[in-house]
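> This is the structure I have questions about; it appears just below.
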Amino acid sequence: MIQMDSFRHKGMRQRLVQELRRKKITDTNVLNAIGRVPRHLFLESSFVSFAYQDKAFPIAAGQTISQPYTVALQSQLLNIQAEDKVLEVGTGSGYQAAVLIEMGVKLFSIERQKELYLRSTKLLKSIGYNGRYFLGDGYEGLPTFAPFDKVIITAGAPFIPKSLLLQLKIGGIMVIPLGDKKQVMTRITRMAEDDFKQEQLGECAFVPMLKGVVN
């Protein structure tokens with residue numbers, strides 16, 4: 001699938017996986033996916049030598065590619081099952097999308113910035129990650145394709161968007177970094193039509209979740 005993925009890159013990924021194990025990532029499906037996704041392809045060429053460090057890095061349009069630990073943590077909190085239908089809000093670099101597809105989900109991903117959308121979807125498709133990708137406002141989600149088993153938000157949301165909650169199946173899980181300047185990683189489970197269980201799982205830092213579409 002990937003011509004630009006060397007034995008050296010694969011070895012670096014395995015060291016990253018071991019580092020994530022030490023940081024209490026225990027979901028084997030998550031770790032295996034991280035071990036397969038060529039993260040170096042999602043970074044600007046000047047950062048390739050740092051691709052498998054557990055750090056975030058800048059990408060296009062003033063955004064960042066998330067720290068591998070953050071991607072692994074959010075993926076683990078989703079409790080992914082085979083063939084889950086997942087809505088990702090914020091395609092960004094495409095790295096989180098690739099990890100989820102490696103985990104066996106049916107991915108629907110939405111990105112508000114056209115520059116990022118074009119860049120990440122082209123890359124994802126070129127290396128075999130064929131999810132469903134959309135340019136649009138993440139606060140609105142994708143009601144046409146709802147309901148979803150899982151919803152993951154990859155930006156800091158100042159509040160929980162009601163439209164996204166309503167696109168979650170009963171029994172489904174949403175993982176969202178909740179807060180304005182500082183966020184708390186939050187997991188929401190839809191227990192019944194109007195009953196949502198909320199868990200707070202530690203502080204985190206994400207770029208802000210913004211409304212509208214940027215062409």
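Starting from 1 in every chain, residues are counted up; chains themselves are A, B, ... following the order of the structure tokens, and ligands are numbered from 1 as listed.
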For Leu78 of chain A, work out the shell of residues within 9 Å, counting only C-alpha atoms and skipping chain neighbours fewer than 5 positions away, then give it as a PyMOL selection string.
chain A and resi 73+150-152+172-175+187
> If you run DSSP on the backbone, which residues of segment 19-175 of chain A are strand (DSSP E or B), as a PyMOL selection string?
chain A and resi 57-58+64-65+85-89+106-111+113+132-135+148-153+156-157+168-175
> Give me, as a PyMOL selection string, all polymer residues having an atom no more than 9 Å from segment 101-115 of chain A, counting only C-alpha atoms and skipping those fewer than 6 positions away in the same chain.
chain A and resi 29-30+32-34+36-37+60-61+80-92+129-138+141-142+145+210-215
> Mind writing the picked residues with C-alpha atoms as a short mmCIF file (atom, residue, chain, number, x, y, z; two decimals), in the first residue's frame?

data_model
loop_
_atom_site.label_atom_id
_atom_site.label_comp_id
_atom_site.auth_asym_id
_atom_site.auth_seq_id
_atom_site.Cartn_x
_atom_site.Cartn_y
_atom_site.Cartn_z
CA ASN A 29 -6.46 -2.55 18.59
CA VAL A 30 -5.34 1.07 19.14
CA ASN A 32 -1.72 -2.11 16.48
CA ALA A 33 -3.28 0.69 14.42
CA ILE A 34 -0.67 3.22 15.61
CA ARG A 36 0.65 0.45 11.11
CA VAL A 37 -0.12 4.07 10.19
CA ALA A 60 -1.20 23.58 7.01
CA ALA A 61 -3.76 26.30 7.76
CA ILE A 80 -14.20 0.86 19.17
CA GLN A 81 -15.88 -2.33 18.00
CA ALA A 82 -15.48 -3.88 14.54
CA GLU A 83 -17.59 -2.15 11.89
CA ASP A 84 -18.55 0.76 14.18
CA LYS A 85 -19.95 3.72 12.25
CA VAL A 86 -17.86 6.67 13.44
CA LEU A 87 -18.23 10.42 12.90
CA GLU A 88 -14.96 12.34 13.19
CA VAL A 89 -15.34 16.10 13.58
CA GLY A 90 -12.12 17.73 12.35
CA THR A 91 -10.25 15.67 9.75
CA GLY A 92 -7.21 17.92 10.18
CA TYR A 129 -7.60 5.02 3.70
CA ASN A 130 -10.96 5.20 1.96
CA GLY A 131 -13.35 6.73 4.45
CA ARG A 132 -16.16 9.15 3.61
CA TYR A 133 -14.79 12.71 3.73
CA PHE A 134 -16.81 15.94 3.77
CA LEU A 135 -16.17 19.69 3.73
CA GLY A 136 -18.56 21.30 6.19
CA ASP A 137 -19.30 22.76 9.62
CA GLY A 138 -18.40 20.28 12.35
CA GLY A 141 -22.17 17.06 11.91
CA LEU A 142 -23.60 14.82 9.18
CA PHE A 145 -25.72 9.74 7.69
CA LEU A 210 -14.76 26.88 15.16
CA LYS A 211 -18.03 27.29 13.28
CA GLY A 212 -18.55 27.69 9.55
CA VAL A 213 -16.56 26.66 6.49
CA VAL A 214 -13.32 28.34 5.29
CA ASN A 215 -12.87 28.19 1.51
#
> Using atom CA of Thr154 of chain A and atom CA of Gly11 of chain A as the two end points, give the distance in Å to one decimal.
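Between atom CA of Thr154 of chain A and atom CA of Gly11 of chain A the gap is 27.3 Å.
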> Determine which residues of segment 58-156 of chain A DSSP labels as helix (DSSP H, G or I) from the backbone of this structure, then write them out as a PyMOL selection string.
chain A and resi 60-62+68-77+95-102+114-126+143-145
> Can you pull out every residue within 12 Å of Lys55 of chain A, counting only C-alpha atoms, but drop anything in the same chain fewer than 3 positions away, and send it as a PyMOL selection string?
chain A and resi 16+19-20+39+43+47+50-52+58+64-71
